[in-house]
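Visitor: My structure is stored as start-v3.tsv, with TSV, C-alpha atoms and all ligand atoms.
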```
chain	number	residue	atom	x	y	z
A	1373	MET	CA	2.51	125.33	179.32
A	1374	GLN	CA	1.57	121.71	179.75
A	1375	VAL	CA	3.29	118.86	181.59
A	1376	THR	CA	2.53	115.16	181.52
A	1377	ARG	CA	3.24	112.51	184.11
A	1378	ARG	CA	3.15	108.83	183.19
A	1379	LEU	CA	2.46	106.22	185.85
A	1380	GLU	CA	2.04	102.48	185.64
A	1381	PHE	CA	0.29	99.88	187.74
A	1382	PRO	CA	-0.92	96.29	187.37
A	1383	ALA	CA	-4.57	95.46	188.02
A	1384	GLY	CA	-7.22	92.97	187.06
A	1385	HIS	CA	-10.70	93.51	185.67
A	1386	ARG	CA	-13.40	92.01	183.52
A	1387	LEU	CA	-16.08	93.55	181.33
A	1388	MET	CA	-19.64	92.43	181.89
A	1389	ASN	CA	-21.51	91.67	178.66
A	1390	HIS	CA	-18.33	91.76	176.56
A	1391	GLU	CA	-18.62	89.71	173.40
A	1392	GLY	CA	-15.13	88.22	173.64
A	1393	GLY	CA	-12.35	87.31	176.05
A	1394	CYS	CA	-12.68	90.47	178.15
A	1395	LYS	CA	-15.73	88.94	179.87
A	1396	ASP	CA	-13.28	86.66	181.73
A	1397	LEU	CA	-11.13	87.80	184.66
A	1398	HIS	CA	-7.74	88.98	183.42
A	1399	GLY	CA	-5.22	91.71	184.10
A	1400	HIS	CA	-3.22	94.48	182.47
A	1401	ASN	CA	-0.15	96.50	183.17
A	1402	TYR	CA	-1.96	99.80	182.87
A	1403	ALA	CA	-0.18	103.01	182.00
A	1404	ILE	CA	-1.82	106.33	182.66
A	1405	GLU	CA	-0.77	109.75	181.49
A	1406	ILE	CA	-2.17	112.82	183.14
A	1407	THR	CA	-1.51	116.15	181.44
A	1408	VAL	CA	-2.03	119.43	183.26
A	1409	GLU	CA	-1.49	123.01	182.22
A	1410	GLY	CA	-0.85	126.26	184.01
A	1411	ASP	CA	-0.85	129.89	182.94
A	1412	LYS	CA	2.54	130.67	184.42
A	1413	LEU	CA	5.56	128.97	185.88
A	1414	ASP	CA	6.50	129.09	189.55
A	1415	GLU	CA	9.72	130.67	190.83
A	1416	VAL	CA	11.58	127.43	190.06
A	1417	GLY	CA	10.28	127.36	186.47
A	1418	ARG	CA	7.62	124.64	186.74
A	1419	VAL	CA	3.91	124.34	186.06
A	1420	ILE	CA	3.86	121.81	188.90
A	1421	ASP	CA	6.56	119.50	190.18
A	1422	PHE	CA	6.39	116.08	188.52
A	1423	ASP	CA	6.81	114.50	191.93
A	1424	VAL	CA	3.72	116.30	193.25
A	1425	ILE	CA	1.65	114.66	190.53
A	1426	ARG	CA	3.26	111.31	191.28
A	1427	ASP	CA	2.74	111.60	195.02
A	1428	LEU	CA	-0.89	112.71	194.79
A	1429	ILE	CA	-2.09	110.54	191.93
A	1430	TYR	CA	0.09	107.48	192.30
A	1431	GLY	CA	-0.49	107.42	196.06
A	1432	TRP	CA	-4.21	107.11	195.40
A	1433	ILE	CA	-3.64	104.48	192.71
A	1434	LEU	CA	-1.50	102.40	195.06
A	1435	ASP	CA	-4.24	102.50	197.69
A	1436	HIS	CA	-7.15	101.72	195.35
A	1437	TRP	CA	-6.08	100.08	192.09
A	1438	ASP	CA	-2.54	98.71	192.22
A	1439	HIS	CA	-2.49	94.89	192.45
A	1440	GLY	CA	-6.27	94.98	192.86
A	1441	PHE	CA	-9.34	94.48	190.73
A	1442	LEU	CA	-11.45	97.14	189.06
A	1443	LEU	CA	-14.99	95.84	188.74
A	1444	ASN	CA	-18.45	96.96	187.78
A	1445	ARG	CA	-20.38	97.28	191.06
A	1446	HIS	CA	-23.17	95.20	189.50
A	1447	ASP	CA	-20.74	92.30	189.01
A	1448	THR	CA	-21.80	90.77	192.32
A	1449	GLU	CA	-20.83	87.19	191.48
A	1450	VAL	CA	-17.18	88.12	190.92
A	1451	ILE	CA	-17.11	90.63	193.78
A	1452	THR	CA	-18.31	87.94	196.17
A	1453	ALA	CA	-15.85	85.38	194.80
A	1454	ILE	CA	-12.66	87.47	194.92
A	1455	GLY	CA	-13.50	89.87	197.74
A	1456	PRO	CA	-11.95	87.70	200.47
A	1457	TYR	CA	-8.67	87.62	198.52
A	1458	CYS	CA	-8.36	91.39	198.14
A	1459	LYS	CA	-6.88	93.97	200.49
A	1460	ALA	CA	-9.06	96.65	202.10
A	1461	GLY	CA	-10.53	98.97	199.50
A	1462	LYS	CA	-10.05	96.39	196.78
A	1463	PRO	CA	-11.70	95.35	194.58
A	1464	TYR	CA	-12.43	98.90	193.47
A	1465	LEU	CA	-16.05	99.14	192.41
A	1466	MET	CA	-17.13	101.39	189.56
A	1467	ASP	CA	-20.61	102.45	188.46
A	1468	SER	CA	-19.89	101.07	184.99
A	1469	ASN	CA	-17.64	98.54	183.30
A	1470	PRO	CA	-13.92	99.16	183.97
A	1471	THR	CA	-13.03	99.87	180.36
A	1472	ALA	CA	-10.04	102.07	179.60
A	1473	GLU	CA	-12.54	104.82	178.80
A	1474	ASN	CA	-14.30	104.58	182.16
A	1475	ILE	CA	-11.02	104.24	184.04
A	1476	ALA	CA	-9.83	107.47	182.41
A	1477	LEU	CA	-13.03	109.22	183.50
A	1478	GLU	CA	-12.74	107.78	187.02
A	1479	LEU	CA	-9.16	108.97	187.26
A	1480	TYR	CA	-10.18	112.46	186.14
A	1481	ARG	CA	-12.92	112.57	188.79
A	1482	MET	CA	-10.40	111.55	191.45
A	1483	ALA	CA	-7.59	113.82	190.28
A	1484	SER	CA	-9.62	117.03	189.85
A	1485	PRO	CA	-10.21	117.72	193.56
A	1486	VAL	CA	-6.77	116.39	194.50
A	1487	LEU	CA	-5.06	118.91	192.21
A	1488	ALA	CA	-7.48	121.76	192.98
A	1489	SER	CA	-5.09	123.43	195.41
A	1490	TYR	CA	-2.47	123.81	192.67
A	1491	PRO	CA	-2.66	126.43	189.89
A	1492	VAL	CA	-3.19	123.83	187.16
A	1493	ARG	CA	-6.01	122.46	185.03
A	1494	ILE	CA	-6.26	118.89	183.82
A	1495	VAL	CA	-5.94	118.83	180.05
A	1496	SER	CA	-6.34	115.10	179.50
A	1497	VAL	CA	-6.21	111.73	181.17
A	1498	ARG	CA	-5.03	108.80	179.05
A	1499	VAL	CA	-5.24	105.15	179.97
A	1500	GLN	CA	-3.36	102.44	178.12
A	1501	GLU	CA	-4.70	98.95	178.64
A	1502	MET	CA	-2.10	97.30	176.46
A	1503	GLU	CA	0.48	98.44	173.96
A	1504	GLY	CA	-1.23	100.49	171.29
A	1505	CYS	CA	-4.66	100.67	172.99
A	1506	TRP	CA	-5.41	104.01	174.62
A	1507	ALA	CA	-8.48	105.85	175.83
A	1508	THR	CA	-8.27	109.60	176.35
A	1509	TYR	CA	-10.64	111.66	178.47
A	1510	LEU	CA	-10.83	115.36	177.72
A	1511	PRO	CA	-12.66	117.45	180.32
A	1512	PRO	CA	-15.63	119.51	179.09
A	1513	GLY	CA	-14.52	122.65	177.31
A	1514	ARG	CA	-11.30	121.14	175.96
A	1601	ZN	ZN	-8.88	93.91	179.86
```
In structure tokens, what does this structure look like?
Ligand SMILES: [Zn+2]

Guide:
Amino acid sequence: MQVTRRLEFPAGHRLMNHEGGCKDLHGHNYAIEITVEGDKLDEVGRVIDFDVIRDLIYGWILDHWDHGFLLNRHDTEVITAIGPYCKAGKPYLMDSNPTAENIALELYRMASPVLASYPVRIVSVRVQEMEGCWATYLPPGR
């Protein structure tokens, strides 16, 4: 049985070395969908409570990504320029460009240990940058 939780948050980013407009600072209303599966249901009839996913994943997103900037850690010029205007922990620095693909991978890396104490496996992590544009990360073995 699989369940999916959708969460949304606004954030800014830019893509270093992008050929078009994404090289400039801009933002998105991101939507993420995390799908997990379990082998059996609990006594209530759930794989995992939807609110548990929200509390664990969205809590982290609020602290690190929501109303912040996701930036490539090599983007020092922008980091220096906007750093003073960001709350603690923001901008969020990634080892690579904050594309939808890399954000999906980053979210999987964060969510895996967070959900490890529950009897579920992550099936997929999807990130929508804008309507109709999704990246999906499937863990190895899927
Ligand atoms: Zn963008």

Visitor: Hey, which residues come within 8 Å of ligand ZN 1601 (chain A) if we count all atoms listed in the file? Could you give them as an MDAnalysis selection string?

Guide: chainID A and resid 1384:1387 1394 1398:1400 1471 1501

Visitor: Could you check how far CA of Glu1405 (chain A) sits from CA of Gly1417 (chain A), in Å to one decimal?

Guide: 21.4 Å

Visitor: May I have the protein, DNA and RNA residues with an atom at most 10 Å from (-0.9, 126.5, 187.8), counting only C-alpha atoms in the file's coordinates, returned as number ranges by chain?

Guide: A: 1373-1374, 1408-1414, 1418-1420, 1487-1493

Visitor: Pull the neighbourhood of (-19.1, 100.5, 183.4) for me: all residues within 9 Å in file coordinates, counting all atoms listed in the file, as a list in words.

Guide: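 The distance filter leaves exactly Leu1387, Met1388, Leu1443, Asn1444, Arg1445, Met1466, Asp1467, Ser1468, Asn1469, Pro1470, Thr1471, Asn1474 and Ile1475 of chain A.
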
Visitor: Out of A:Ile1425, A:Leu1477, A:Leu1465, A:Met1482, which residue has the shortest atom-to-atom distance to Ser1496 (chain A) when counting all atoms listed in the file?

Guide: A:Leu1477

Visitor: Excluding same-chain residues fewer than 2 positions from Met1502 (chain A), what lies within 12 Å of it counting only C-alpha atoms, as a list in words?

Guide: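 Returned residues: Glu1380, Phe1381, Pro1382, Ala1383, Gly1399, His1400, Asn1401, Tyr1402, Ala1403, Ile1404, Thr1471, Ala1472, Val1499, Gln1500, Gly1504, Cys1505, Trp1506 and Ala1507 of chain A.
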
Visitor: Report as number ranges by chain all protein, DNA and RNA residues lying within 12 Å of Gly1461 (chain A), evaluated on only C-alpha atoms, omitting residues in the same chain fewer than 2 positions from it.

Guide: A: 1432-1442, 1455-1459, 1463-1465

Visitor: Pick from A:Leu1510, A:Leu1397, A:Thr1376, A:Arg1481: nearest to Ala1453 (chain A), with only C-alpha atoms counted?

Guide: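 Residue with the minimum atom-to-atom distance to Ala1453 (chain A): A:Leu1397.
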
Visitor: Go through A:Arg1498, A:Thr1448, A:Asp1396, A:Ile1406 one by one, measure the shortest atom-to-atom distance of each to Glu1473 (chain A) using only C-alpha atoms, and give the residue with the smallest value.

Guide: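 Looking only at the distances to Glu1473 (chain A), the closest residue turns out to be A:Arg1498.
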
Visitor: Would you work out the distance separating CA of His1446 (chain A) from CA of Lys1395 (chain A), expressed in Å to one decimal?

Guide: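 About the pair CA of His1446 (chain A) and CA of Lys1395 (chain A): they are 13.7 Å apart.
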
Visitor: Would you please work out which residue, of A:Ile1429, A:Pro1512, A:Gly1392, A:Arg1377, is nearest to Leu1479 (chain A) when using all atoms listed in the file?

Guide: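 Going through A:Ile1429, A:Pro1512, A:Gly1392, A:Arg1377 one by one, the smallest distance to Leu1479 (chain A) is for A:Ile1429.
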
Visitor: Go ahead and compute the interatomic distance for CA of Gly1393 (chain A) and CA of Glu1503 (chain A), in Å to one decimal.

Guide: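 Separation of CA of Gly1393 (chain A) and CA of Glu1503 (chain A): 17.1 Å.
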